[in-house]
>>> print(open('query.pdb').read())   # PDB, C-alpha atoms and all ligand atoms
ATOM      1  CA  MET A   1       7.784  -8.846 -10.142  1.00  0.00           C
ATOM      2  CA  THR A   2       4.752 -10.722 -11.309  1.00  0.00           C
ATOM      3  CA  SER A   3       4.744 -13.804  -9.135  1.00  0.00           C
ATOM      4  CA  GLU A   4       4.707 -14.520  -5.429  1.00  0.00           C
ATOM      5  CA  HIS A   5       7.931 -14.598  -3.508  1.00  0.00           C
ATOM      6  CA  LEU A   6       9.635 -13.836  -0.221  1.00  0.00           C
ATOM      7  CA  VAL A   7      11.049 -10.302  -0.239  1.00  0.00           C
ATOM      8  CA  THR A   8      12.681 -10.834   3.155  1.00  0.00           C
ATOM      9  CA  LYS A   9      12.514 -13.667   5.653  1.00  0.00           C
ATOM     10  CA  HIS A  10       9.207 -12.349   7.028  1.00  0.00           C
ATOM     11  CA  VAL A  11       7.629 -10.505   4.090  1.00  0.00           C
ATOM     12  CA  TYR A  12       5.892 -12.327   1.257  1.00  0.00           C
ATOM     13  CA  ALA A  13       4.771 -10.468  -1.863  1.00  0.00           C
ATOM     14  CA  VAL A  14       1.600 -11.647  -3.575  1.00  0.00           C
ATOM     15  CA  GLY A  15       1.427 -10.594  -7.205  1.00  0.00           C
ATOM     16  CA  THR A  16      -2.185  -9.735  -7.939  1.00  0.00           C
ATOM     17  CA  GLY A  17      -1.896  -8.441 -11.456  1.00  0.00           C
ATOM     18  CA  ASP A  18      -0.958  -4.797 -11.306  1.00  0.00           C
ATOM     19  CA  CYS A  19      -0.732  -4.417  -7.535  1.00  0.00           C
ATOM     20  CA  HIS A  20       1.073  -6.275  -4.753  1.00  0.00           C
ATOM     21  CA  VAL A  21      -0.476  -7.445  -1.528  1.00  0.00           C
ATOM     22  CA  PHE A  22       2.055  -8.179   1.227  1.00  0.00           C
ATOM     23  CA  LEU A  23       1.921 -10.845   3.922  1.00  0.00           C
ATOM     24  CA  LEU A  24       3.807  -9.992   7.125  1.00  0.00           C
ATOM     25  CA  LEU A  25       4.668 -13.330   8.651  1.00  0.00           C
ATOM     26  CA  GLY A  26       4.732 -13.070  12.437  1.00  0.00           C
ATOM     27  CA  PRO A  27       5.416 -16.003  14.730  1.00  0.00           C
ATOM     28  CA  GLU A  28       1.753 -16.552  15.570  1.00  0.00           C
ATOM     29  CA  SER A  29      -0.256 -14.551  13.091  1.00  0.00           C
ATOM     30  CA  VAL A  30      -0.144 -12.883   9.705  1.00  0.00           C
ATOM     31  CA  ALA A  31      -0.793  -9.227   8.959  1.00  0.00           C
ATOM     32  CA  VAL A  32      -1.672  -8.144   5.434  1.00  0.00           C
ATOM     33  CA  VAL A  33      -0.820  -4.805   3.810  1.00  0.00           C
ATOM     34  CA  ASP A  34      -3.397  -3.743   1.210  1.00  0.00           C
ATOM     35  CA  ALA A  35      -6.134  -5.869  -0.292  1.00  0.00           C
ATOM     36  CA  GLY A  36      -5.784  -5.517  -4.063  1.00  0.00           C
ATOM     37  CA  PHE A  37      -8.578  -5.209  -6.603  1.00  0.00           C
ATOM     38  CA  PRO A  38     -11.931  -6.938  -6.136  1.00  0.00           C
ATOM     39  CA  GLY A  39     -11.350 -10.649  -6.798  1.00  0.00           C
ATOM     40  CA  THR A  40      -7.902 -10.777  -5.151  1.00  0.00           C
ATOM     41  CA  TRP A  41      -8.792 -13.032  -2.223  1.00  0.00           C
ATOM     42  CA  PRO A  42      -8.184 -16.414  -3.969  1.00  0.00           C
ATOM     43  CA  LEU A  43      -4.616 -15.288  -4.776  1.00  0.00           C
ATOM     44  CA  VAL A  44      -4.006 -14.308  -1.154  1.00  0.00           C
ATOM     45  CA  GLU A  45      -5.509 -17.592   0.050  1.00  0.00           C
ATOM     46  CA  GLN A  46      -3.190 -19.530  -2.264  1.00  0.00           C
ATOM     47  CA  ALA A  47      -0.180 -17.521  -1.077  1.00  0.00           C
ATOM     48  CA  LEU A  48      -1.074 -18.232   2.565  1.00  0.00           C
ATOM     49  CA  GLY A  49      -1.028 -21.927   1.718  1.00  0.00           C
ATOM     50  CA  GLU A  50       2.385 -21.583   0.103  1.00  0.00           C
ATOM     51  CA  VAL A  51       3.849 -20.191   3.321  1.00  0.00           C
ATOM     52  CA  GLY A  52       2.065 -22.773   5.477  1.00  0.00           C
ATOM     53  CA  ARG A  53      -0.519 -20.433   6.963  1.00  0.00           C
ATOM     54  CA  THR A  54      -4.315 -20.441   6.947  1.00  0.00           C
ATOM     55  CA  PRO A  55      -6.951 -17.714   6.442  1.00  0.00           C
ATOM     56  CA  GLY A  56      -7.659 -17.892  10.176  1.00  0.00           C
ATOM     57  CA  ASP A  57      -4.051 -16.858  10.874  1.00  0.00           C
ATOM     58  CA  VAL A  58      -4.684 -13.420   9.344  1.00  0.00           C
ATOM     59  CA  SER A  59      -5.338 -11.161  12.319  1.00  0.00           C
ATOM     60  CA  ASP A  60      -5.015  -7.681  10.829  1.00  0.00           C
ATOM     61  CA  ILE A  61      -5.214  -5.844   7.512  1.00  0.00           C
ATOM     62  CA  LEU A  62      -3.454  -2.502   7.077  1.00  0.00           C
ATOM     63  CA  VAL A  63      -4.702  -0.478   4.128  1.00  0.00           C
ATOM     64  CA  THR A  64      -2.589   2.330   2.671  1.00  0.00           C
ATOM     65  CA  HIS A  65      -5.451   4.174   0.954  1.00  0.00           C
ATOM     66  CA  CYS A  66      -8.899   3.987  -0.597  1.00  0.00           C
ATOM     67  CA  HIS A  67      -8.110   3.366  -4.297  1.00  0.00           C
ATOM     68  CA  ILE A  68      -9.704   0.417  -6.074  1.00  0.00           C
ATOM     69  CA  ASP A  69      -6.423  -1.523  -6.452  1.00  0.00           C
ATOM     70  CA  HIS A  70      -5.728  -1.320  -2.681  1.00  0.00           C
ATOM     71  CA  ALA A  71      -9.152  -1.424  -1.011  1.00  0.00           C
ATOM     72  CA  GLY A  72     -11.329  -3.032  -3.715  1.00  0.00           C
ATOM     73  CA  GLY A  73     -10.643  -6.543  -2.408  1.00  0.00           C
ATOM     74  CA  LEU A  74     -10.944  -5.580   1.254  1.00  0.00           C
ATOM     75  CA  SER A  75     -14.527  -6.734   1.755  1.00  0.00           C
ATOM     76  CA  GLU A  76     -13.802 -10.296   0.602  1.00  0.00           C
ATOM     77  CA  LEU A  77     -10.492 -10.409   2.517  1.00  0.00           C
ATOM     78  CA  LYS A  78     -12.117  -9.267   5.761  1.00  0.00           C
ATOM     79  CA  GLU A  79     -15.003 -11.672   5.306  1.00  0.00           C
ATOM     80  CA  ALA A  80     -12.735 -14.651   4.639  1.00  0.00           C
ATOM     81  CA  THR A  81     -10.361 -13.988   7.536  1.00  0.00           C
ATOM     82  CA  GLY A  82     -12.328 -12.047  10.143  1.00  0.00           C
ATOM     83  CA  ALA A  83      -9.299  -9.768  10.483  1.00  0.00           C
ATOM     84  CA  ARG A  84      -9.370  -6.235  11.898  1.00  0.00           C
ATOM     85  CA  VAL A  85      -8.888  -3.400   9.392  1.00  0.00           C
ATOM     86  CA  TRP A  86      -6.641  -0.410  10.131  1.00  0.00           C
ATOM     87  CA  MET A  87      -6.636   2.831   8.099  1.00  0.00           C
ATOM     88  CA  HIS A  88      -6.340   6.592   8.357  1.00  0.00           C
ATOM     89  CA  ALA A  89      -9.771   8.067   9.091  1.00  0.00           C
ATOM     90  CA  ALA A  90      -9.876  10.206   5.929  1.00  0.00           C
ATOM     91  CA  ASP A  91      -9.632   7.229   3.572  1.00  0.00           C
ATOM     92  CA  ALA A  92     -11.557   4.944   5.926  1.00  0.00           C
ATOM     93  CA  GLU A  93     -14.524   7.230   5.313  1.00  0.00           C
ATOM     94  CA  MET A  94     -14.212   6.582   1.558  1.00  0.00           C
ATOM     95  CA  VAL A  95     -13.922   2.816   2.114  1.00  0.00           C
ATOM     96  CA  GLY A  96     -16.997   2.913   4.349  1.00  0.00           C
ATOM     97  CA  LYS A  97     -18.924   4.254   1.343  1.00  0.00           C
ATOM     98  CA  GLY A  98     -17.204   1.993  -1.197  1.00  0.00           C
ATOM     99  CA  GLN A  99     -15.832   5.009  -3.056  1.00  0.00           C
ATOM    100  CA  ALA A 100     -12.436   4.550  -4.664  1.00  0.00           C
ATOM    101  CA  PHE A 101     -11.442   8.044  -5.797  1.00  0.00           C
ATOM    102  CA  ARG A 102     -11.654  11.696  -4.874  1.00  0.00           C
ATOM    103  CA  PRO A 103     -11.002  14.147  -7.721  1.00  0.00           C
ATOM    104  CA  TRP A 104      -7.372  13.706  -8.870  1.00  0.00           C
ATOM    105  CA  LYS A 105      -4.888  14.986 -11.448  1.00  0.00           C
ATOM    106  CA  ALA A 106      -2.185  13.239 -13.435  1.00  0.00           C
ATOM    107  CA  ALA A 107       1.377  14.010 -12.369  1.00  0.00           C
ATOM    108  CA  PRO A 108       3.410  15.930 -14.999  1.00  0.00           C
ATOM    109  CA  GLY A 109       4.640  13.950 -18.021  1.00  0.00           C
ATOM    110  CA  LEU A 110       3.090  12.201 -20.997  1.00  0.00           C
ATOM    111  CA  ARG A 111       3.373   8.715 -19.515  1.00  0.00           C
ATOM    112  CA  ASN A 112       1.500   9.777 -16.376  1.00  0.00           C
ATOM    113  CA  TRP A 113      -1.163  11.473 -18.486  1.00  0.00           C
ATOM    114  CA  TRP A 114      -1.585   8.307 -20.575  1.00  0.00           C
ATOM    115  CA  PHE A 115      -1.774   6.097 -17.469  1.00  0.00           C
ATOM    116  CA  ALA A 116      -4.330   8.401 -15.830  1.00  0.00           C
ATOM    117  CA  ARG A 117      -6.524   8.588 -18.897  1.00  0.00           C
ATOM    118  CA  HIS A 118      -6.337   4.964 -20.030  1.00  0.00           C
ATOM    119  CA  VAL A 119      -5.979   3.065 -16.764  1.00  0.00           C
ATOM    120  CA  VAL A 120      -7.139   5.053 -13.725  1.00  0.00           C
ATOM    121  CA  ALA A 121     -10.057   6.831 -15.382  1.00  0.00           C
ATOM    122  CA  LYS A 122     -11.330   3.506 -16.735  1.00  0.00           C
ATOM    123  CA  SER A 123     -11.081   1.677 -13.404  1.00  0.00           C
ATOM    124  CA  PRO A 124     -14.254   0.906 -11.468  1.00  0.00           C
ATOM    125  CA  GLN A 125     -15.063   3.863  -9.225  1.00  0.00           C
ATOM    126  CA  THR A 126     -16.824   1.881  -6.495  1.00  0.00           C
ATOM    127  CA  PHE A 127     -16.317  -1.386  -4.611  1.00  0.00           C
ATOM    128  CA  PRO A 128     -18.071  -3.282  -1.808  1.00  0.00           C
ATOM    129  CA  PRO A 129     -17.893  -0.976   1.237  1.00  0.00           C
ATOM    130  CA  VAL A 130     -16.150  -2.026   4.442  1.00  0.00           C
ATOM    131  CA  ALA A 131     -16.488  -0.638   7.961  1.00  0.00           C
ATOM    132  CA  VAL A 132     -12.911   0.036   9.057  1.00  0.00           C
ATOM    133  CA  ASP A 133     -12.312  -1.167  12.621  1.00  0.00           C
ATOM    134  CA  LYS A 134      -9.451   1.079  13.700  1.00  0.00           C
ATOM    135  CA  PHE A 135      -8.573   4.622  12.672  1.00  0.00           C
ATOM    136  CA  VAL A 136      -4.811   5.210  12.655  1.00  0.00           C
ATOM    137  CA  ARG A 137      -3.057   8.503  13.389  1.00  0.00           C
ATOM    138  CA  SER A 138       0.295   9.583  11.994  1.00  0.00           C
ATOM    139  CA  GLY A 139       3.245   8.331  14.034  1.00  0.00           C
ATOM    140  CA  GLU A 140       1.098   5.751  15.800  1.00  0.00           C
ATOM    141  CA  VAL A 141       2.662   2.332  16.334  1.00  0.00           C
ATOM    142  CA  ILE A 142      -0.031  -0.170  15.451  1.00  0.00           C
ATOM    143  CA  PRO A 143       0.111  -3.012  18.016  1.00  0.00           C
ATOM    144  CA  VAL A 144       0.335  -5.732  15.392  1.00  0.00           C
ATOM    145  CA  ALA A 145       3.227  -8.081  14.512  1.00  0.00           C
ATOM    146  CA  GLY A 146       5.386  -6.609  17.274  1.00  0.00           C
ATOM    147  CA  GLY A 147       4.555  -3.020  16.279  1.00  0.00           C
ATOM    148  CA  ILE A 148       4.147  -1.338  12.890  1.00  0.00           C
ATOM    149  CA  LYS A 149       4.643   2.420  12.644  1.00  0.00           C
ATOM    150  CA  ALA A 150       2.134   4.294  10.471  1.00  0.00           C
ATOM    151  CA  VAL A 151       3.107   7.571   8.820  1.00  0.00           C
ATOM    152  CA  HIS A 152       0.472   9.788   7.225  1.00  0.00           C
ATOM    153  CA  THR A 153       1.605  10.563   3.672  1.00  0.00           C
ATOM    154  CA  PRO A 154      -1.163  12.638   2.062  1.00  0.00           C
ATOM    155  CA  GLY A 155      -1.032  13.854  -1.511  1.00  0.00           C
ATOM    156  CA  HIS A 156      -1.776  10.771  -3.590  1.00  0.00           C
ATOM    157  CA  SER A 157      -4.914  10.597  -1.443  1.00  0.00           C
ATOM    158  CA  ALA A 158      -5.860  12.598   1.646  1.00  0.00           C
ATOM    159  CA  GLY A 159      -5.722   9.611   3.986  1.00  0.00           C
ATOM    160  CA  HIS A 160      -2.737   7.788   2.504  1.00  0.00           C
ATOM    161  CA  MET A 161      -0.406   6.061   4.978  1.00  0.00           C
ATOM    162  CA  VAL A 162       2.868   4.186   4.659  1.00  0.00           C
ATOM    163  CA  PHE A 163       3.791   1.466   7.147  1.00  0.00           C
ATOM    164  CA  LEU A 164       7.204   0.724   8.671  1.00  0.00           C
ATOM    165  CA  TRP A 165       7.871  -2.693  10.153  1.00  0.00           C
ATOM    166  CA  PRO A 166      11.167  -2.859  12.069  1.00  0.00           C
ATOM    167  CA  VAL A 167      11.981  -6.490  11.195  1.00  0.00           C
ATOM    168  CA  ASP A 168      14.572  -7.745   8.716  1.00  0.00           C
ATOM    169  CA  GLY A 169      16.441  -4.415   8.995  1.00  0.00           C
ATOM    170  CA  GLY A 170      13.318  -2.284   8.550  1.00  0.00           C
ATOM    171  CA  VAL A 171      10.696  -2.742   5.843  1.00  0.00           C
ATOM    172  CA  LEU A 172       8.705   0.155   4.391  1.00  0.00           C
ATOM    173  CA  PHE A 173       5.373  -0.488   2.687  1.00  0.00           C
ATOM    174  CA  THR A 174       4.942   2.494   0.392  1.00  0.00           C
ATOM    175  CA  GLY A 175       1.423   2.009  -0.960  1.00  0.00           C
ATOM    176  CA  ASP A 176       1.250   4.557  -3.769  1.00  0.00           C
ATOM    177  CA  ALA A 177       3.302   7.280  -2.052  1.00  0.00           C
ATOM    178  CA  ALA A 178       6.072   6.018  -4.361  1.00  0.00           C
ATOM    179  CA  ASN A 179       6.382   3.366  -7.055  1.00  0.00           C
ATOM    180  CA  ASN A 180       9.253   1.463  -8.642  1.00  0.00           C
ATOM    181  CA  VAL A 181       7.752   0.644 -12.031  1.00  0.00           C
ATOM    182  CA  ARG A 182      10.337   2.531 -14.129  1.00  0.00           C
ATOM    183  CA  GLY A 183      12.762   3.320 -11.370  1.00  0.00           C
ATOM    184  CA  LEU A 184      11.902   5.044  -8.125  1.00  0.00           C
ATOM    185  CA  ASN A 185       9.210   7.682  -8.654  1.00  0.00           C
ATOM    186  CA  GLY A 186       6.466   9.597  -6.915  1.00  0.00           C
ATOM    187  CA  PRO A 187       2.809   8.861  -7.632  1.00  0.00           C
ATOM    188  CA  ASN A 188       1.557   9.112 -11.218  1.00  0.00           C
ATOM    189  CA  ILE A 189      -1.727  10.613 -10.050  1.00  0.00           C
ATOM    190  CA  PHE A 190      -2.436  12.744  -7.010  1.00  0.00           C
ATOM    191  CA  GLU A 191      -5.071  14.811  -5.243  1.00  0.00           C
ATOM    192  CA  ASP A 192      -2.423  17.354  -4.201  1.00  0.00           C
ATOM    193  CA  GLY A 193       1.034  17.349  -5.802  1.00  0.00           C
ATOM    194  CA  LYS A 194       2.692  19.569  -3.209  1.00  0.00           C
ATOM    195  CA  LEU A 195       1.501  17.367  -0.352  1.00  0.00           C
ATOM    196  CA  ALA A 196       2.680  14.264  -2.242  1.00  0.00           C
ATOM    197  CA  ALA A 197       6.186  15.773  -2.534  1.00  0.00           C
ATOM    198  CA  ASP A 198       6.190  16.821   1.140  1.00  0.00           C
ATOM    199  CA  SER A 199       5.202  13.265   2.073  1.00  0.00           C
ATOM    200  CA  LEU A 200       8.132  11.791   0.134  1.00  0.00           C
ATOM    201  CA  ARG A 201      10.548  14.088   1.980  1.00  0.00           C
ATOM    202  CA  LYS A 202       8.998  12.945   5.253  1.00  0.00           C
ATOM    203  CA  VAL A 203       9.369   9.244   4.336  1.00  0.00           C
ATOM    204  CA  SER A 204      12.999   9.842   3.272  1.00  0.00           C
ATOM    205  CA  GLY A 205      13.782  10.738   6.889  1.00  0.00           C
ATOM    206  CA  GLU A 206      12.811   7.251   8.104  1.00  0.00           C
ATOM    207  CA  LYS A 207      15.169   4.274   8.418  1.00  0.00           C
ATOM    208  CA  PHE A 208      14.423   1.189   6.325  1.00  0.00           C
ATOM    209  CA  ARG A 209      16.592  -1.353   4.545  1.00  0.00           C
ATOM    210  CA  VAL A 210      13.810  -2.645   2.303  1.00  0.00           C
ATOM    211  CA  ALA A 211      11.039  -0.852   0.410  1.00  0.00           C
ATOM    212  CA  CYS A 212       7.985  -2.828  -0.736  1.00  0.00           C
ATOM    213  CA  PHE A 213       5.985  -1.076  -3.451  1.00  0.00           C
ATOM    214  CA  ALA A 214       2.417  -1.764  -4.448  1.00  0.00           C
ATOM    215  CA  HIS A 215       3.572  -1.133  -7.993  1.00  0.00           C
ATOM    216  CA  GLY A 216       7.043  -2.258  -9.078  1.00  0.00           C
ATOM    217  CA  ALA A 217       9.770  -4.484  -7.684  1.00  0.00           C
ATOM    218  CA  PRO A 218      10.968  -4.096  -4.107  1.00  0.00           C
ATOM    219  CA  ILE A 219      14.283  -2.459  -3.232  1.00  0.00           C
ATOM    220  CA  VAL A 220      16.226  -4.744  -0.896  1.00  0.00           C
ATOM    221  CA  GLY A 221      19.232  -3.105   0.792  1.00  0.00           C
ATOM    222  CA  ASN A 222      19.853   0.602   1.450  1.00  0.00           C
ATOM    223  CA  ALA A 223      16.322   1.475   0.370  1.00  0.00           C
ATOM    224  CA  ASP A 224      16.233   4.580   2.594  1.00  0.00           C
ATOM    225  CA  GLY A 225      19.450   5.754   0.896  1.00  0.00           C
ATOM    226  CA  HIS A 226      17.712   5.581  -2.485  1.00  0.00           C
ATOM    227  CA  PHE A 227      14.790   7.589  -1.080  1.00  0.00           C
ATOM    228  CA  ARG A 228      17.124  10.213   0.397  1.00  0.00           C
ATOM    229  CA  ASP A 229      19.092  10.536  -2.857  1.00  0.00           C
ATOM    230  CA  LYS A 230      15.879  11.145  -4.706  1.00  0.00           C
ATOM    231  CA  TRP A 231      13.837  13.254  -2.291  1.00  0.00           C
ATOM    232  CA  SER A 232      15.554  14.518   0.843  1.00  0.00           C
ATOM    233  CA  GLY A 233      16.976  17.616  -0.839  1.00  0.00           C
ATOM    234  CA  ALA A 234      14.065  18.090  -3.230  1.00  0.00           C
TER
HETATM  235 ZN    ZN A 301      -3.538   4.820  -5.423  1.00  0.00          ZN
HETATM  236 ZN    ZN A 302      -2.113   1.686  -6.541  1.00  0.00          ZN
END
>>> encode(input="query.pdb", output="structure tokens", more="lines below")
Ligand SMILES: [Zn+2]
Ligand SMILES: [Zn+2]
Amino acid sequence: MTSEHLVTKHVYAVGTGDCHVFLLLGPESVAVVDAGFPGTWPLVEQALGEVGRTPGDVSDILVTHCHIDHAGGLSELKEATGARVWMHAADAEMVGKGQAFRPWKAAPGLRNWWFARHVVAKSPQTFPPVAVDKFVRSGEVIPVAGGIKAVHTPGHSAGHMVFLWPVDGGVLFTGDAANNVRGLNGPNIFEDGKLAADSLRKVSGEKFRVACFAHGAPIVGNADGHFRDKWSGA
């Protein structure tokens, strides 16, 4: 998926190069999941126009974790919309300092090693810092868009969260806890591989019809079944 489109009736995917930003279209306001790289705002602004919304309609931004492709564009997004920012405290601390990465390792496999060495290691390591407004705890239902459940999924990063929105049959926003670039997979880099695997088992116990990945095409229909097949017995 490289271009913008509706994943479900209420979820719009904005292609921002390598990483998707998602618009959650509520009746009165719009919530955004992740902020993309620095420079992403004009793409989000254009996408808002395509769905008949304005920057002022964006009330809240939920950020899965501190990496440059998810939080790098947060400063400009917050400035343009005035929205509140929600994150787990551990990665909010990184974002408050404008630091994208803690020490990490590539997941096993040559492709992951190549990606880590040639893409992640060459990414900018800092971005404009943002003061996160709200720290989110695991299991908390964020009072946005009718309620969005946050689940702490550490491993890829210490403060990584996935978000579950119970509309359209249940939509999971995976951040980088999983990707769907070459089929459904765990993260290609992590701070702690065991925690990353534990987190995927935890997510596989949730109910969601649709999975929206930062990286890779969404799975629409029986998405939780795909997660369980891959990870529940792992
Ligand atoms: Zn990441
Ligand atoms: Zn990412």
>>> residues_near_ligand(input="query.pdb", ligand="ligand ZN 302 (chain A)", cutoff="7 Å", atoms="all atoms listed in the file", output="number ranges by chain")
A: 19, 67, 69-70, 175-176, 214-215
>>> closest_residue(input="query.pdb", among="A:Trp86, A:Trp231, A:Phe190, A:Phe173", to="ligand ZN 301 (chain A)", atoms="all atoms listed in the file")
A:Phe190
>>> closest_atom_pairs(input="query.pdb", of="chain A", to="ligand ZN 301 (chain A)", cutoff="12 Å", atoms="all atoms listed in the file", output="tab-separated table")
residue	atom	partner	partner_atom	distance
A:Asp18	CA	A:ZN301	ZN	11.6
A:Cys19	CA	A:ZN301	ZN	9.9
A:Asp34	CA	A:ZN301	ZN	10.8
A:Gly36	CA	A:ZN301	ZN	10.7
A:Phe37	CA	A:ZN301	ZN	11.3
A:Val63	CA	A:ZN301	ZN	11.0
A:Thr64	CA	A:ZN301	ZN	8.5
A:His65	CA	A:ZN301	ZN	6.7
A:Cys66	CA	A:ZN301	ZN	7.3
A:His67	CA	A:ZN301	ZN	4.9
A:Ile68	CA	A:ZN301	ZN	7.6
A:Asp69	CA	A:ZN301	ZN	7.0
A:His70	CA	A:ZN301	ZN	7.1
A:Ala71	CA	A:ZN301	ZN	9.5
A:Gly72	CA	A:ZN301	ZN	11.2
A:Asp91	CA	A:ZN301	ZN	11.1
A:Ala100	CA	A:ZN301	ZN	8.9
A:Phe101	CA	A:ZN301	ZN	8.5
A:Arg102	CA	A:ZN301	ZN	10.7
A:Trp104	CA	A:ZN301	ZN	10.3
A:Lys105	CA	A:ZN301	ZN	11.9
A:Ala106	CA	A:ZN301	ZN	11.7
A:Ala116	CA	A:ZN301	ZN	11.0
A:Val119	CA	A:ZN301	ZN	11.7
A:Val120	CA	A:ZN301	ZN	9.1
A:Ser123	CA	A:ZN301	ZN	11.4
A:Thr153	CA	A:ZN301	ZN	11.9
A:Pro154	CA	A:ZN301	ZN	11.1
A:Gly155	CA	A:ZN301	ZN	10.2
A:His156	CA	A:ZN301	ZN	6.5
A:Ser157	CA	A:ZN301	ZN	7.1
A:Ala158	CA	A:ZN301	ZN	10.8
A:Gly159	CA	A:ZN301	ZN	10.8
A:His160	CA	A:ZN301	ZN	8.5
A:Met161	CA	A:ZN301	ZN	10.9
A:Val162	CA	A:ZN301	ZN	12.0
A:Thr174	CA	A:ZN301	ZN	10.5
A:Gly175	CA	A:ZN301	ZN	7.2
A:Asp176	CA	A:ZN301	ZN	5.1
A:Ala177	CA	A:ZN301	ZN	8.0
A:Ala178	CA	A:ZN301	ZN	9.7
A:Asn179	CA	A:ZN301	ZN	10.2
A:Gly186	CA	A:ZN301	ZN	11.2
A:Pro187	CA	A:ZN301	ZN	7.8
A:Asn188	CA	A:ZN301	ZN	8.8
A:Ile189	CA	A:ZN301	ZN	7.6
A:Phe190	CA	A:ZN301	ZN	8.2
A:Glu191	CA	A:ZN301	ZN	10.1
A:Ala196	CA	A:ZN301	ZN	11.7
A:Phe213	CA	A:ZN301	ZN	11.4
A:Ala214	CA	A:ZN301	ZN	8.9
A:His215	CA	A:ZN301	ZN	9.6
>>> closest_residue(input="query.pdb", among="A:Ile148, A:Val181, A:Ala92, A:Ala217", to="A:Pro166", atoms="all atoms listed in the file")
A:Ile148
>>> residues_around(input="query.pdb", residues="A:Ala223", least_positions_apart="4", cutoff="7 Å", atoms="all atoms listed in the file", output="MDAnalysis selection string")
chainID A and resid 208:211 219 227
>>> atom_distance(input="query.pdb", atom1="atom CA of A:Trp114", atom2="atom CA of A:Gly98")
25.7 Å
>>> closest_residue(input="query.pdb", among="A:Arg182, A:Lys202, A:His88, A:His5", to="A:Arg137", atoms="all atoms listed in the file")
A:His88
>>> build_atoms(input="query.pdb", residues="stretch 201-206 of chain A", atoms="all heavy atoms", output="PDB file, in the coordinates of the input")
ATOM      1  N   ARG A 201       9.445  13.580   1.144  1.00  0.00           N
ATOM      2  CA  ARG A 201      10.548  14.088   1.980  1.00  0.00           C
ATOM      3  C   ARG A 201      10.445  13.525   3.394  1.00  0.00           C
ATOM      4  O   ARG A 201      11.450  13.135   3.991  1.00  0.00           O
ATOM      5  CB  ARG A 201      10.528  15.617   2.015  1.00  0.00           C
ATOM      6  CG  ARG A 201      11.257  16.238   0.831  1.00  0.00           C
ATOM      7  CD  ARG A 201      11.466  17.729   1.031  1.00  0.00           C
ATOM      8  NE  ARG A 201      10.206  18.467   0.949  1.00  0.00           N
ATOM      9  CZ  ARG A 201       9.636  18.833  -0.198  1.00  0.00           C
ATOM     10  NH1 ARG A 201      10.218  18.549  -1.360  1.00  0.00           N
ATOM     11  NH2 ARG A 201       8.495  19.489  -0.210  1.00  0.00           N
ATOM     12  N   LYS A 202       9.222  13.483   3.904  1.00  0.00           N
ATOM     13  CA  LYS A 202       8.998  12.945   5.253  1.00  0.00           C
ATOM     14  C   LYS A 202       9.430  11.471   5.320  1.00  0.00           C
ATOM     15  O   LYS A 202      10.152  11.060   6.230  1.00  0.00           O
ATOM     16  CB  LYS A 202       7.516  13.106   5.618  1.00  0.00           C
ATOM     17  CG  LYS A 202       7.145  12.562   6.972  1.00  0.00           C
ATOM     18  CD  LYS A 202       5.875  13.181   7.558  1.00  0.00           C
ATOM     19  CE  LYS A 202       4.611  12.935   6.797  1.00  0.00           C
ATOM     20  NZ  LYS A 202       3.394  13.288   7.552  1.00  0.00           N
ATOM     21  N   VAL A 203       9.023  10.676   4.346  1.00  0.00           N
ATOM     22  CA  VAL A 203       9.369   9.244   4.336  1.00  0.00           C
ATOM     23  C   VAL A 203      10.886   9.061   4.220  1.00  0.00           C
ATOM     24  O   VAL A 203      11.467   8.159   4.820  1.00  0.00           O
ATOM     25  CB  VAL A 203       8.646   8.524   3.172  1.00  0.00           C
ATOM     26  CG1 VAL A 203       9.144   7.093   3.019  1.00  0.00           C
ATOM     27  CG2 VAL A 203       7.133   8.535   3.396  1.00  0.00           C
ATOM     28  N   SER A 204      11.547   9.948   3.467  1.00  0.00           N
ATOM     29  CA  SER A 204      12.999   9.842   3.272  1.00  0.00           C
ATOM     30  C   SER A 204      13.769  10.020   4.570  1.00  0.00           C
ATOM     31  O   SER A 204      14.944   9.658   4.645  1.00  0.00           O
ATOM     32  CB  SER A 204      13.472  10.888   2.258  1.00  0.00           C
ATOM     33  OG  SER A 204      12.841  10.681   1.017  1.00  0.00           O
ATOM     34  N   GLY A 205      13.130  10.577   5.590  1.00  0.00           N
ATOM     35  CA  GLY A 205      13.782  10.738   6.889  1.00  0.00           C
ATOM     36  C   GLY A 205      13.684   9.500   7.772  1.00  0.00           C
ATOM     37  O   GLY A 205      14.271   9.460   8.850  1.00  0.00           O
ATOM     38  N   GLU A 206      12.958   8.484   7.316  1.00  0.00           N
ATOM     39  CA  GLU A 206      12.811   7.251   8.104  1.00  0.00           C
ATOM     40  C   GLU A 206      13.950   6.284   7.768  1.00  0.00           C
ATOM     41  O   GLU A 206      14.654   6.449   6.788  1.00  0.00           O
ATOM     42  CB  GLU A 206      11.457   6.587   7.798  1.00  0.00           C
ATOM     43  CG  GLU A 206      10.236   7.450   8.116  1.00  0.00           C
ATOM     44  CD  GLU A 206       9.949   7.545   9.611  1.00  0.00           C
ATOM     45  OE1 GLU A 206      10.525   6.767  10.384  1.00  0.00           O
ATOM     46  OE2 GLU A 206       9.143   8.422   9.993  1.00  0.00           O
TER      47      GLU A 206
END
